[in-house]
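S.K.: Pasting start-v4.cif below, which is mmCIF, C-alpha atoms.
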```cif
data_data
#
loop_
_atom_site.label_atom_id
_atom_site.label_comp_id
_atom_site.auth_asym_id
_atom_site.auth_seq_id
_atom_site.Cartn_x
_atom_site.Cartn_y
_atom_site.Cartn_z
CA MET A 13 -50.04 14.78 -47.85
CA HIS A 14 -47.52 12.87 -49.93
CA PRO A 15 -44.54 11.85 -47.73
CA LEU A 16 -42.10 13.48 -50.14
CA VAL A 17 -43.87 16.83 -49.72
CA ALA A 18 -43.74 16.42 -45.93
CA LEU A 19 -40.00 15.74 -46.13
CA TRP A 20 -39.51 18.73 -48.42
CA GLU A 21 -41.30 20.97 -45.90
CA MET A 22 -39.23 19.56 -43.02
CA THR A 23 -36.10 20.30 -45.02
CA GLY A 24 -37.15 23.96 -45.27
CA ARG A 25 -38.92 24.01 -48.65
CA PRO A 26 -35.68 24.27 -50.68
CA GLY A 27 -36.05 25.37 -54.30
CA PRO A 28 -35.03 23.02 -57.10
CA ASN A 29 -31.40 23.33 -58.13
CA TRP A 30 -31.96 24.64 -61.66
CA GLN A 31 -28.27 25.25 -62.27
CA GLY A 32 -27.29 21.55 -62.22
CA LYS A 33 -24.03 20.89 -64.02
CA ALA A 34 -24.49 23.81 -66.46
CA VAL A 35 -21.52 26.16 -66.76
CA LYS A 36 -23.46 29.28 -67.76
CA ALA A 37 -26.01 30.72 -65.34
CA VAL A 38 -29.43 29.11 -65.77
CA ALA A 39 -32.60 31.14 -65.16
CA ALA A 40 -35.33 29.35 -63.20
CA PRO A 41 -38.25 28.51 -65.51
CA SER A 42 -41.55 30.09 -64.53
CA PRO A 43 -44.16 27.77 -63.05
CA ARG A 44 -47.88 27.47 -63.83
CA ARG A 45 -50.72 26.25 -61.64
CA GLY A 46 -51.35 22.53 -61.96
CA ILE A 47 -51.10 19.07 -60.41
CA CYS A 48 -47.79 17.35 -59.68
CA ALA A 49 -47.43 14.06 -61.55
CA LEU A 50 -45.35 12.51 -58.75
CA THR A 51 -47.08 13.67 -55.58
CA GLY A 52 -50.56 14.60 -56.83
CA GLU A 53 -50.39 17.95 -54.98
CA HIS A 54 -52.00 21.09 -56.43
CA GLY A 55 -49.80 24.17 -56.72
CA PRO A 56 -47.04 25.62 -58.87
CA VAL A 57 -45.71 23.08 -61.35
CA TRP A 58 -43.15 22.96 -64.14
CA PRO A 59 -43.52 20.87 -67.28
CA LEU A 60 -41.61 17.61 -67.00
CA ASN A 61 -39.14 18.65 -69.71
CA SER A 62 -38.12 21.73 -67.71
CA VAL A 63 -37.29 19.58 -64.68
CA THR A 64 -35.61 16.57 -66.20
CA THR A 65 -35.11 14.96 -69.57
CA THR A 66 -33.30 11.89 -68.34
CA LEU A 67 -36.16 9.74 -67.02
CA THR A 68 -36.35 6.58 -69.10
CA THR A 69 -39.96 5.87 -68.21
CA LEU A 70 -42.92 7.86 -66.96
CA ASP A 71 -44.61 4.78 -65.47
CA ARG A 72 -43.32 5.69 -62.06
CA LEU A 73 -45.12 9.04 -61.99
CA PRO A 74 -48.47 7.84 -60.59
CA HIS A 75 -50.42 11.05 -61.32
CA ARG A 76 -49.03 11.63 -64.83
CA ASN A 77 -52.45 11.76 -66.51
CA VAL A 78 -54.30 13.88 -63.94
CA ASP A 79 -53.32 17.37 -65.07
CA PRO A 80 -55.16 18.22 -68.33
CA ALA A 81 -52.40 20.68 -69.30
CA GLY A 82 -49.82 17.89 -69.44
CA CYS A 83 -47.37 16.01 -67.29
CA ALA A 84 -45.74 18.43 -64.82
CA LEU A 85 -43.90 18.34 -61.50
CA GLY A 86 -44.42 20.43 -58.36
CA GLU A 87 -41.78 22.06 -56.19
CA ALA A 88 -41.10 19.07 -53.93
CA ALA A 89 -40.81 16.67 -56.84
CA ALA A 90 -38.62 19.07 -58.82
CA TRP A 91 -36.35 19.53 -55.79
CA ALA A 92 -36.10 15.74 -55.34
CA LEU A 93 -35.35 15.07 -58.99
CA ARG A 94 -32.74 17.83 -59.30
CA LEU A 95 -30.92 17.13 -56.02
CA ARG A 96 -27.89 15.54 -57.61
CA VAL A 97 -25.99 14.81 -54.41
CA ALA A 98 -28.85 12.55 -53.29
CA MET A 99 -28.05 10.33 -56.29
CA GLN A 100 -24.43 10.08 -55.22
CA GLN A 101 -24.13 10.06 -51.42
CA PRO A 102 -26.12 8.37 -48.67
CA HIS A 103 -28.82 10.57 -47.11
CA VAL A 104 -30.93 10.15 -44.01
CA ALA A 105 -33.85 11.94 -42.39
CA ALA A 106 -35.63 11.26 -39.11
CA THR A 107 -39.44 11.38 -38.98
CA ASP A 108 -39.52 15.07 -38.09
CA GLY A 109 -36.09 16.15 -39.31
CA PRO A 110 -34.61 17.51 -42.52
CA LEU A 111 -32.97 15.40 -45.20
CA ARG A 112 -29.21 15.54 -44.80
CA GLN A 113 -26.16 13.92 -46.28
CA ALA A 114 -24.94 11.07 -44.08
CA THR A 115 -21.43 10.12 -43.10
CA PRO A 116 -20.87 6.38 -42.54
CA ALA A 117 -21.40 6.95 -38.81
CA ASP A 118 -24.69 8.80 -39.44
CA LEU A 119 -25.86 6.03 -41.74
CA TYR A 120 -24.94 3.37 -39.17
CA ALA A 121 -26.88 5.22 -36.47
CA ALA A 122 -29.88 5.61 -38.78
CA LEU A 123 -29.87 1.90 -39.63
CA GLU A 124 -29.57 0.92 -35.98
CA GLY A 125 -32.46 3.16 -35.01
CA MET A 126 -34.57 2.52 -38.12
CA HIS A 127 -38.22 3.41 -37.51
CA PRO A 128 -41.33 3.65 -39.68
CA GLY A 129 -41.00 7.35 -40.53
CA ALA A 130 -37.26 7.41 -41.22
CA TRP A 131 -35.79 8.05 -44.65
CA VAL A 132 -32.61 6.25 -45.66
CA LEU A 133 -31.17 6.55 -49.17
CA VAL A 134 -28.11 4.52 -50.15
CA PRO A 135 -26.95 5.02 -53.75
CA GLN A 136 -25.09 2.14 -55.40
CA SER A 137 -24.34 3.17 -58.99
CA ARG A 138 -24.50 6.94 -58.28
CA GLN A 139 -26.62 7.24 -61.42
CA LYS A 140 -30.17 6.64 -60.27
CA HIS A 141 -32.77 8.84 -58.63
CA LEU A 142 -33.53 7.52 -55.16
CA LEU A 143 -35.28 10.36 -53.39
CA PRO A 144 -38.37 10.71 -55.63
CA TRP A 145 -39.27 7.01 -55.27
CA ALA A 146 -38.18 6.42 -51.68
CA THR A 147 -40.58 5.07 -49.05
CA PRO A 148 -40.24 6.19 -45.43
CA GLY A 149 -39.41 3.30 -43.11
CA MET A 150 -37.50 1.41 -45.79
CA ILE A 151 -34.04 1.71 -47.25
CA ARG A 152 -33.98 3.01 -50.78
CA VAL A 153 -31.27 1.55 -53.00
CA ASP A 154 -30.89 1.79 -56.78
CA ASP A 155 -33.46 -0.81 -57.71
CA GLY A 156 -35.91 -0.92 -54.87
CA ASP A 157 -36.81 -0.55 -51.22
CA LEU A 158 -35.24 -2.88 -48.67
CA ILE A 159 -37.14 -3.99 -45.60
CA TRP A 160 -35.07 -3.51 -42.44
CA GLY A 161 -35.89 -5.56 -39.34
CA ASP A 162 -34.35 -6.82 -36.12
CA ARG A 163 -32.46 -9.58 -37.90
CA ASP A 164 -30.91 -6.98 -40.18
CA ARG A 165 -29.89 -4.92 -37.15
CA ALA A 166 -28.15 -7.98 -35.70
CA ALA A 167 -26.53 -8.68 -39.06
CA LEU A 168 -25.29 -5.09 -39.30
CA ALA A 169 -23.64 -5.41 -35.88
CA ALA A 170 -22.03 -8.69 -37.01
CA TYR A 171 -20.89 -6.99 -40.23
CA ALA A 172 -19.24 -4.20 -38.24
CA ARG A 173 -17.49 -6.71 -35.96
CA LEU A 174 -16.20 -8.67 -38.95
CA ARG A 175 -14.96 -5.50 -40.65
CA ALA A 176 -13.14 -4.61 -37.43
CA ALA A 177 -11.60 -8.10 -37.34
CA GLY A 178 -9.94 -7.41 -40.69
CA PHE A 179 -12.34 -8.75 -43.34
CA GLY A 180 -12.87 -6.53 -46.37
CA GLU A 181 -16.16 -5.82 -48.10
CA ARG A 182 -15.51 -8.37 -50.82
CA ALA A 183 -14.38 -11.04 -48.36
CA LEU A 184 -17.65 -10.70 -46.48
CA ALA A 185 -19.63 -11.65 -49.59
CA GLU A 186 -17.91 -15.07 -49.68
CA ALA A 187 -19.53 -18.20 -48.25
CA ALA A 188 -16.75 -18.82 -45.71
CA PRO A 189 -14.08 -16.62 -44.10
CA SER A 190 -10.88 -16.37 -46.08
CA TRP A 191 -7.96 -18.32 -44.70
CA VAL A 192 -5.55 -15.43 -45.07
CA VAL A 193 -7.47 -13.32 -42.55
CA MET A 194 -8.64 -16.24 -40.45
CA ARG A 195 -5.21 -17.59 -39.57
CA GLY A 196 -4.22 -14.31 -37.92
CA VAL A 197 -7.41 -13.87 -35.90
CA ALA A 198 -7.41 -14.68 -32.17
CA ASP A 199 -11.13 -15.32 -31.53
CA ARG A 200 -12.09 -17.63 -34.37
CA ALA A 201 -15.21 -18.96 -32.69
CA ALA A 202 -16.70 -15.44 -32.73
CA ILE A 203 -15.90 -15.03 -36.43
CA LEU A 204 -17.50 -18.35 -37.33
CA ALA A 205 -20.54 -17.49 -35.20
CA ASP A 206 -20.98 -14.10 -36.91
CA TRP A 207 -20.40 -15.37 -40.45
CA PRO A 208 -23.75 -17.16 -41.00
CA LEU A 209 -25.66 -14.08 -39.77
CA LEU A 210 -24.88 -12.50 -43.16
CA ASP A 211 -26.10 -15.49 -45.21
CA ARG A 212 -29.47 -13.85 -45.93
CA TRP A 213 -27.69 -10.76 -47.18
CA ARG A 214 -25.36 -12.79 -49.39
CA ALA A 215 -28.45 -13.88 -51.34
CA HIS A 216 -29.47 -10.21 -51.72
CA PRO A 217 -26.24 -8.25 -52.11
CA ALA A 218 -27.90 -4.80 -51.94
CA TYR A 219 -27.98 -5.31 -48.17
CA LEU A 220 -24.23 -5.91 -48.19
CA ASP A 221 -23.77 -2.64 -50.11
CA VAL A 222 -25.82 -0.77 -47.53
CA ALA A 223 -23.83 -2.27 -44.65
CA ALA A 224 -20.58 -1.49 -46.45
CA ARG A 225 -21.53 2.16 -46.81
CA ALA A 226 -22.38 2.31 -43.11
CA THR A 227 -19.11 0.82 -41.87
CA ARG A 228 -16.51 2.55 -44.03
CA THR A 229 -13.82 4.70 -42.50
CA THR A 230 -13.49 8.27 -43.70
CA ARG A 231 -10.45 7.28 -45.73
CA GLU A 232 -12.50 4.74 -47.68
CA THR A 233 -15.32 7.18 -48.42
CA ILE A 234 -15.35 8.94 -51.80
CA GLN A 235 -16.81 12.39 -51.40
CA MET T 18 1.61 -38.70 -34.77
CA THR T 19 -1.61 -36.80 -34.22
CA THR T 20 -4.74 -38.69 -35.22
CA ILE T 21 -7.58 -37.06 -37.12
CA THR T 22 -9.82 -37.57 -34.10
CA GLU T 23 -7.38 -35.62 -31.92
CA ARG T 24 -7.25 -32.82 -34.45
CA MET T 25 -11.04 -32.67 -34.51
CA SER T 26 -11.10 -32.46 -30.70
CA ALA T 27 -8.59 -29.60 -30.80
CA LEU T 28 -10.83 -27.85 -33.35
CA ALA T 29 -13.92 -28.33 -31.18
CA ALA T 30 -12.02 -27.01 -28.17
CA ASP T 31 -11.04 -23.87 -30.09
CA LEU T 32 -14.28 -23.13 -31.97
CA GLY T 33 -16.86 -24.66 -29.63
CA PRO T 34 -19.10 -27.62 -30.44
CA ALA T 35 -20.48 -27.85 -33.98
CA ALA T 36 -23.63 -29.53 -35.28
CA ASP T 37 -23.33 -33.30 -35.83
CA GLU T 38 -23.57 -33.11 -39.60
CA LEU T 39 -20.94 -30.36 -39.75
CA SER T 40 -18.58 -32.39 -37.54
CA ALA T 41 -19.16 -35.47 -39.68
CA ALA T 42 -18.56 -33.54 -42.91
CA THR T 43 -15.41 -31.97 -41.45
CA PHE T 44 -14.14 -35.39 -40.41
CA LEU T 45 -14.70 -36.79 -43.92
CA ALA T 46 -12.86 -33.89 -45.53
CA ALA T 47 -10.12 -34.16 -42.91
CA ALA T 48 -9.70 -37.90 -43.63
CA ALA T 49 -9.42 -37.12 -47.34
CA TYR T 50 -6.87 -34.38 -46.67
CA ASP T 51 -4.84 -36.51 -44.29
CA GLY T 52 -4.70 -39.51 -46.62
CA ARG T 53 -4.02 -37.61 -49.87
CA ASP T 54 -1.30 -38.95 -52.13
CA ARG T 55 1.67 -36.83 -51.12
CA ASP T 56 3.67 -37.82 -54.21
CA VAL T 57 0.97 -36.16 -56.31
CA TRP T 58 0.10 -33.32 -53.94
CA GLY T 59 3.61 -32.46 -52.82
CA GLY T 60 6.04 -29.91 -54.22
CA ASP T 61 4.58 -27.02 -56.18
CA ARG T 62 1.14 -28.60 -56.24
CA ALA T 63 0.95 -28.32 -52.46
CA LEU T 64 0.80 -24.54 -52.92
CA THR T 65 -2.47 -24.76 -54.82
CA PHE T 66 -3.98 -27.63 -52.83
CA TRP T 67 -6.37 -25.48 -50.79
CA ASP T 68 -7.59 -23.70 -53.91
CA ARG T 69 -8.46 -27.02 -55.55
CA PHE T 70 -9.68 -29.00 -52.56
CA PRO T 71 -13.16 -27.38 -52.14
CA ASP T 72 -14.09 -28.08 -55.78
CA ARG T 73 -13.13 -31.75 -55.34
CA VAL T 74 -15.08 -32.05 -52.10
CA ARG T 75 -18.16 -30.64 -53.83
CA ALA T 76 -17.68 -32.66 -57.02
CA ALA T 77 -17.52 -35.90 -55.03
CA CYS T 78 -21.03 -35.17 -53.72
CA TYR T 79 -22.37 -35.81 -57.21
CA ARG T 80 -20.87 -39.30 -57.55
CA GLY T 81 -23.94 -40.86 -55.99
CA PRO T 82 -26.49 -40.65 -53.20
CA THR T 83 -24.51 -42.17 -50.30
CA LEU T 84 -21.44 -41.09 -48.39
CA GLY T 85 -19.81 -44.29 -49.67
CA HIS T 86 -20.02 -42.76 -53.16
CA TRP T 87 -18.53 -39.56 -51.81
CA TRP T 88 -15.60 -41.36 -50.19
CA GLU T 89 -15.06 -43.49 -53.29
CA GLY T 90 -15.03 -40.38 -55.48
CA ILE T 91 -12.63 -38.35 -53.39
CA THR T 92 -10.38 -41.41 -52.92
CA ARG T 93 -9.95 -41.77 -56.66
CA ASP T 94 -9.60 -38.04 -57.18
CA LEU T 95 -6.91 -37.33 -54.60
CA GLY T 96 -5.34 -40.79 -54.38
CA VAL T 97 -6.43 -41.10 -50.76
CA THR T 98 -5.24 -43.98 -48.59
CA PRO T 99 -7.55 -44.92 -45.71
CA PRO T 100 -6.69 -43.61 -42.22
CA THR T 101 -3.91 -45.58 -40.52
CA ARG T 102 -5.21 -45.35 -36.94
CA ALA T 103 -7.95 -47.73 -35.83
CA GLU T 104 -10.03 -45.03 -34.10
CA ASP T 105 -10.01 -42.88 -37.25
CA ARG T 106 -10.98 -45.85 -39.41
CA ALA T 107 -13.82 -46.72 -37.03
CA ARG T 108 -15.19 -43.15 -37.00
CA LEU T 109 -14.93 -42.95 -40.79
CA ALA T 110 -16.84 -46.20 -41.15
CA ARG T 111 -19.51 -45.01 -38.72
CA ILE T 112 -20.01 -41.74 -40.63
CA ILE T 113 -20.18 -43.50 -44.01
CA ALA T 114 -22.75 -45.94 -42.65
CA GLY T 115 -24.85 -43.13 -41.14
CA ASP T 116 -27.60 -40.98 -42.67
CA PRO T 117 -26.07 -39.50 -45.84
CA ALA T 118 -28.51 -36.66 -46.64
CA PRO T 119 -27.61 -34.08 -43.93
CA VAL T 120 -23.86 -34.67 -44.27
CA ARG T 121 -24.00 -34.46 -48.06
CA ALA T 122 -25.99 -31.22 -47.77
CA VAL T 123 -23.19 -29.73 -45.67
CA LEU T 124 -20.45 -31.05 -47.97
CA ALA T 125 -22.15 -29.59 -51.04
CA GLY T 126 -23.60 -26.44 -49.50
CA GLN T 127 -20.98 -25.32 -46.98
CA THR T 128 -17.91 -26.62 -48.76
CA ALA T 129 -15.81 -23.55 -48.06
CA THR T 130 -16.64 -23.67 -44.35
CA VAL T 131 -15.80 -27.39 -44.13
CA CYS T 132 -12.44 -26.88 -45.84
CA LEU T 133 -11.66 -23.90 -43.62
CA ARG T 134 -12.36 -26.01 -40.53
CA VAL T 135 -10.04 -28.75 -41.76
CA ARG T 136 -7.32 -26.20 -42.37
CA LEU T 137 -7.84 -24.63 -38.95
CA ALA T 138 -7.69 -28.05 -37.28
CA TRP T 139 -4.30 -28.75 -38.84
CA GLN T 140 -3.01 -25.33 -37.94
CA LEU T 141 -4.16 -25.71 -34.33
CA THR T 142 -2.55 -29.10 -33.85
CA ARG T 143 0.65 -27.94 -35.53
CA GLU T 144 0.82 -25.02 -33.10
CA THR T 145 0.29 -27.19 -30.04
CA LYS T 146 2.99 -29.59 -31.26
CA GLY T 147 5.39 -26.66 -31.67
CA GLN T 148 4.70 -25.48 -28.14
CA LYS T 149 5.72 -28.84 -26.72
#
```
Give the structure from this file in structure tokens form.
M.R.:
Amino acid sequence: MHPLVALWEMTGRPGPNWQGKAVKAVAAPSPRRGICALTGEHGPVWPLNSVTTTLTTLDRLPHRNVDPAGCALGEAAAWALRLRVAMQQPHVAATDGPLRQATPADLYAALEGMHPGAWVLVPQSRQKHLLPWATPGMIRVDDGDLIWGDRDRAALAAYARLRAAGFGERALAEAAPSWVVMRGVADRAAILADWPLLDRWRAHPAYLDVAARATRTTRETIQ
Amino acid sequence: MTTITERMSALAADLGPAADELSAATFLAAAAYDGRDRDVWGGDRALTFWDRFPDRVRAACYRGPTLGHWWEGITRDLGVTPPTRAEDRARLARIIAGDPAPVRAVLAGQTATVCLRVRLAWQLTRETKGQK
């Protein structure tokens, strides 16, 4: 079974949100029997144009040529593509749990306890689909999947300590701590020891975005 | 008057021991900072010194392959006079005569860190002087 279908079932088989941003009530289009272009599952499907018209390429639908009646998407794929909040807010799911919107604390806990079946979605631009292309066990960001290992766990802890010491998200992307913060800090040795732990992330700033989303206070979080 | 060597010891006491090449690079930058031409770098220009210093430290790395080239470059750039104390002069000479590659790599690659350490060293020694 495709992992997205498994996640959809764990989440309680929610129907696609056909309403979207439309002001007038939208009737759900009627499905036909066919093969989903994203997951390859047989079952009720809707033509691609009924589900979304905003995909810029069909290359990422691996089973797009399988159904002789044309490219179509099943229930799980339609749900994933029409779940707008998953494009905008971080989401997490444990191996056997439903997909849910994550607060910074939830996201931090999910990153700390990252395991091969976990789903973690962290939107950056708020404009890209993450859920349909996500891989369990990796962190999905706008342009790809990030591997998350022990070194990243250690770096996340260092990131949280540095945030608590008074460094902002932008300051942490710099090569050295800023003097303005540094001169007021008591334990400078700890700061300078933590700083190089983020060097790998500075070369791949998507990691810094993920850590930033996981360490924000509620006040800093746009809902 | 506090010597550069004393300031470096105060820095090591506060931050813990650093790698040899980082200590050497910090000492070089500290010697350049300490000996800068204060007629040029005083007044309003002192306000922007720390914004300009890292670029000059990095630029001096491209004067040539040895640390002698680096010191020559930064000396011309900032109008540096050599250290006045014998122990500082001796340490500077030892570093310049040593293996240039690792120290140059730090000066060019971790410029911001080196400059921050110099600034911290001066702040630390200023604080201890004030406490006396």
S.K.: Translate the PyMOL selection byres ((chain A) within 7 of (chain T)), as applied to the file shown, into an explicit residue set as a list of chain:residue names.
M.R.: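 Selection result, ordered by chain and number: A:Ala187, A:Ala188, A:Trp191, A:Arg200, A:Ala201.
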S.K.: Please expand the PyMOL selection byres ((chain A and resi 117-126) around 12) into the concrete residues it hits in this file, giving the result as a PyMOL selection string.
M.R.: chain A and resi 101-107+112-116+127-134+148-152+158-169+171-172+219+222-230+233
S.K.: Using Å and a single decimal, report how far atom CA of T:Thr43 sits from atom CA of T:Cys78.
M.R.: 13.9 Å
S.K.: Measuring between only C-alpha atoms, which one of A:Val153, A:Ala177, A:Leu142, A:Val78 shows the shortest distance to A:His54?
M.R.: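 Between A:Val153, A:Ala177, A:Leu142, A:Val78, the residue approaching A:His54 most closely is A:Val78.
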S.K.: For T:Ala41, which residue out of T:Ala27, T:His86, T:Phe70, T:Thr22 is the nearest one, using all atoms listed in the file?
M.R.: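 Using all atoms listed in the file, T:Ala41 sits closest to T:Thr22.
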S.K.: Hey, what's within 7 Å of T:Trp87 if we count only C-alpha atoms and toss same-chain stuff fewer than 5 positions away? As a PyMOL selection string, please?
M.R.: chain T and resi 77-78+80-81
S.K.: Output C-alpha atoms of each residue in that selection to a file, as a PDB file, in the frame of the given file.
M.R.:
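Output file part35.pdb is given in full below:
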```
ATOM      1  CA  ALA T  77     -17.520 -35.900 -55.030  1.00  0.00           C
ATOM      2  CA  CYS T  78     -21.030 -35.170 -53.720  1.00  0.00           C
ATOM      3  CA  ARG T  80     -20.870 -39.300 -57.550  1.00  0.00           C
ATOM      4  CA  GLY T  81     -23.940 -40.860 -55.990  1.00  0.00           C
TER       5      GLY T  81
END
```
S.K.: Out of A:Pro189, A:Gly86, A:Pro135, A:Gly180, which residue has the shortest atom-to-atom distance to A:Leu204 when counting all atoms listed in the file?
M.R.: A:Pro189
S.K.: Please write the residues picked by the PyMOL selection byres ((chain T and resi 109) around 9) on this file as a list in words.
M.R.: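 After applying the PyMOL selection byres ((chain T and resi 109) around 9), what remains is Ala41, Phe44, Leu45, Ala48, Pro100, Glu104, Asp105, Arg106, Ala107, Arg108, Ala110, Arg111, Ile112, Ile113 and Ala114 of chain T.
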S.K.: What's around A:Gly46 at 10 Å? Count only C-alpha atoms, leave out sequence neighbours fewer than 2 positions away in its own chain, and write the answer as a list in words.
M.R.: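 The contact residues come out as Pro43, Arg44, Cys48, Ala49, Gly52, Glu53, His54, Gly55, Pro56, Val57, Trp58, Pro59, Val78, Asp79, Pro80, Ala81, Gly82, Cys83, Ala84, Leu85 and Gly86 of chain A.
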S.K.: Rank nothing, just name the residue among A:Gly196, A:Trp145, A:Pro28, A:Leu111 nearest to A:Asp157, using only C-alpha atoms.
M.R.: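 Using only C-alpha atoms, A:Asp157 sits closest to A:Trp145.
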S.K.: Could you tell me how far atom CA of T:Ser26 lies from atom CA of A:Ala185, in Å and to one decimal?
M.R.: 29.4 Å
S.K.: To one decimal in Å, tell me the separation between atom CA of A:Asp108 and atom CA of A:Ile47.
M.R.: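 Separation between atom CA of A:Asp108 and atom CA of A:Ile47: 25.5 Å.
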S.K.: Using all atoms listed in the file, find the one residue out of A:Gln136, A:Pro208, A:Ala198, A:Ala176 that sits nearest to A:Asp221.
M.R.: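 Smallest distance to A:Asp221 is found for A:Gln136.
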S.K.: Regenerate stretch 42-57 of chain A at the level of N, CA and C atoms and dump it as a PDB file, keeping the file's coordinate frame.
M.R.:
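And here is the file that came out, selection-v9.pdb:
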```pdb
ATOM      1  N   SER A  42     -40.410  29.609 -65.326  1.00  0.00           N
ATOM      2  CA  SER A  42     -41.550  30.090 -64.530  1.00  0.00           C
ATOM      3  C   SER A  42     -42.605  28.993 -64.419  1.00  0.00           C
ATOM      4  N   PRO A  43     -43.177  28.832 -63.244  1.00  0.00           N
ATOM      5  CA  PRO A  43     -44.160  27.770 -63.050  1.00  0.00           C
ATOM      6  C   PRO A  43     -45.559  28.188 -63.498  1.00  0.00           C
ATOM      7  N   ARG A  44     -46.455  27.219 -63.612  1.00  0.00           N
ATOM      8  CA  ARG A  44     -47.880  27.470 -63.830  1.00  0.00           C
ATOM      9  C   ARG A  44     -48.632  26.757 -62.715  1.00  0.00           C
ATOM     10  N   ARG A  45     -49.928  26.984 -62.623  1.00  0.00           N
ATOM     11  CA  ARG A  45     -50.720  26.250 -61.640  1.00  0.00           C
ATOM     12  C   ARG A  45     -51.069  24.880 -62.222  1.00  0.00           C
ATOM     13  N   GLY A  46     -51.012  23.850 -61.426  1.00  0.00           N
ATOM     14  CA  GLY A  46     -51.350  22.530 -61.960  1.00  0.00           C
ATOM     15  C   GLY A  46     -51.240  21.462 -60.895  1.00  0.00           C
ATOM     16  N   ILE A  47     -51.152  20.216 -61.328  1.00  0.00           N
ATOM     17  CA  ILE A  47     -51.100  19.070 -60.410  1.00  0.00           C
ATOM     18  C   ILE A  47     -49.796  18.315 -60.657  1.00  0.00           C
ATOM     19  N   CYS A  48     -49.081  18.038 -59.557  1.00  0.00           N
ATOM     20  CA  CYS A  48     -47.790  17.350 -59.680  1.00  0.00           C
ATOM     21  C   CYS A  48     -48.006  15.894 -60.067  1.00  0.00           C
ATOM     22  N   ALA A  49     -47.267  15.437 -61.065  1.00  0.00           N
ATOM     23  CA  ALA A  49     -47.430  14.060 -61.550  1.00  0.00           C
ATOM     24  C   ALA A  49     -46.871  13.043 -60.567  1.00  0.00           C
ATOM     25  N   LEU A  50     -45.941  13.459 -59.702  1.00  0.00           N
ATOM     26  CA  LEU A  50     -45.350  12.510 -58.750  1.00  0.00           C
ATOM     27  C   LEU A  50     -46.141  12.455 -57.441  1.00  0.00           C
ATOM     28  N   THR A  51     -46.463  13.645 -56.904  1.00  0.00           N
ATOM     29  CA  THR A  51     -47.080  13.670 -55.580  1.00  0.00           C
ATOM     30  C   THR A  51     -48.591  13.874 -55.624  1.00  0.00           C
ATOM     31  N   GLY A  52     -49.125  14.342 -56.729  1.00  0.00           N
ATOM     32  CA  GLY A  52     -50.560  14.600 -56.830  1.00  0.00           C
ATOM     33  C   GLY A  52     -50.991  15.882 -56.132  1.00  0.00           C
ATOM     34  N   GLU A  53     -50.046  16.711 -55.695  1.00  0.00           N
ATOM     35  CA  GLU A  53     -50.390  17.950 -54.980  1.00  0.00           C
ATOM     36  C   GLU A  53     -50.725  19.057 -55.994  1.00  0.00           C
ATOM     37  N   HIS A  54     -51.685  19.908 -55.619  1.00  0.00           N
ATOM     38  CA  HIS A  54     -52.000  21.090 -56.430  1.00  0.00           C
ATOM     39  C   HIS A  54     -51.054  22.208 -56.059  1.00  0.00           C
ATOM     40  N   GLY A  55     -50.693  23.054 -57.029  1.00  0.00           N
ATOM     41  CA  GLY A  55     -49.800  24.170 -56.720  1.00  0.00           C
ATOM     42  C   GLY A  55     -48.971  24.523 -57.935  1.00  0.00           C
ATOM     43  N   PRO A  56     -47.902  25.267 -57.732  1.00  0.00           N
ATOM     44  CA  PRO A  56     -47.040  25.620 -58.870  1.00  0.00           C
ATOM     45  C   PRO A  56     -46.343  24.380 -59.416  1.00  0.00           C
ATOM     46  N   VAL A  57     -46.381  24.231 -60.722  1.00  0.00           N
ATOM     47  CA  VAL A  57     -45.710  23.080 -61.350  1.00  0.00           C
ATOM     48  C   VAL A  57     -44.915  23.546 -62.559  1.00  0.00           C
TER      49      VAL A  57
END
```
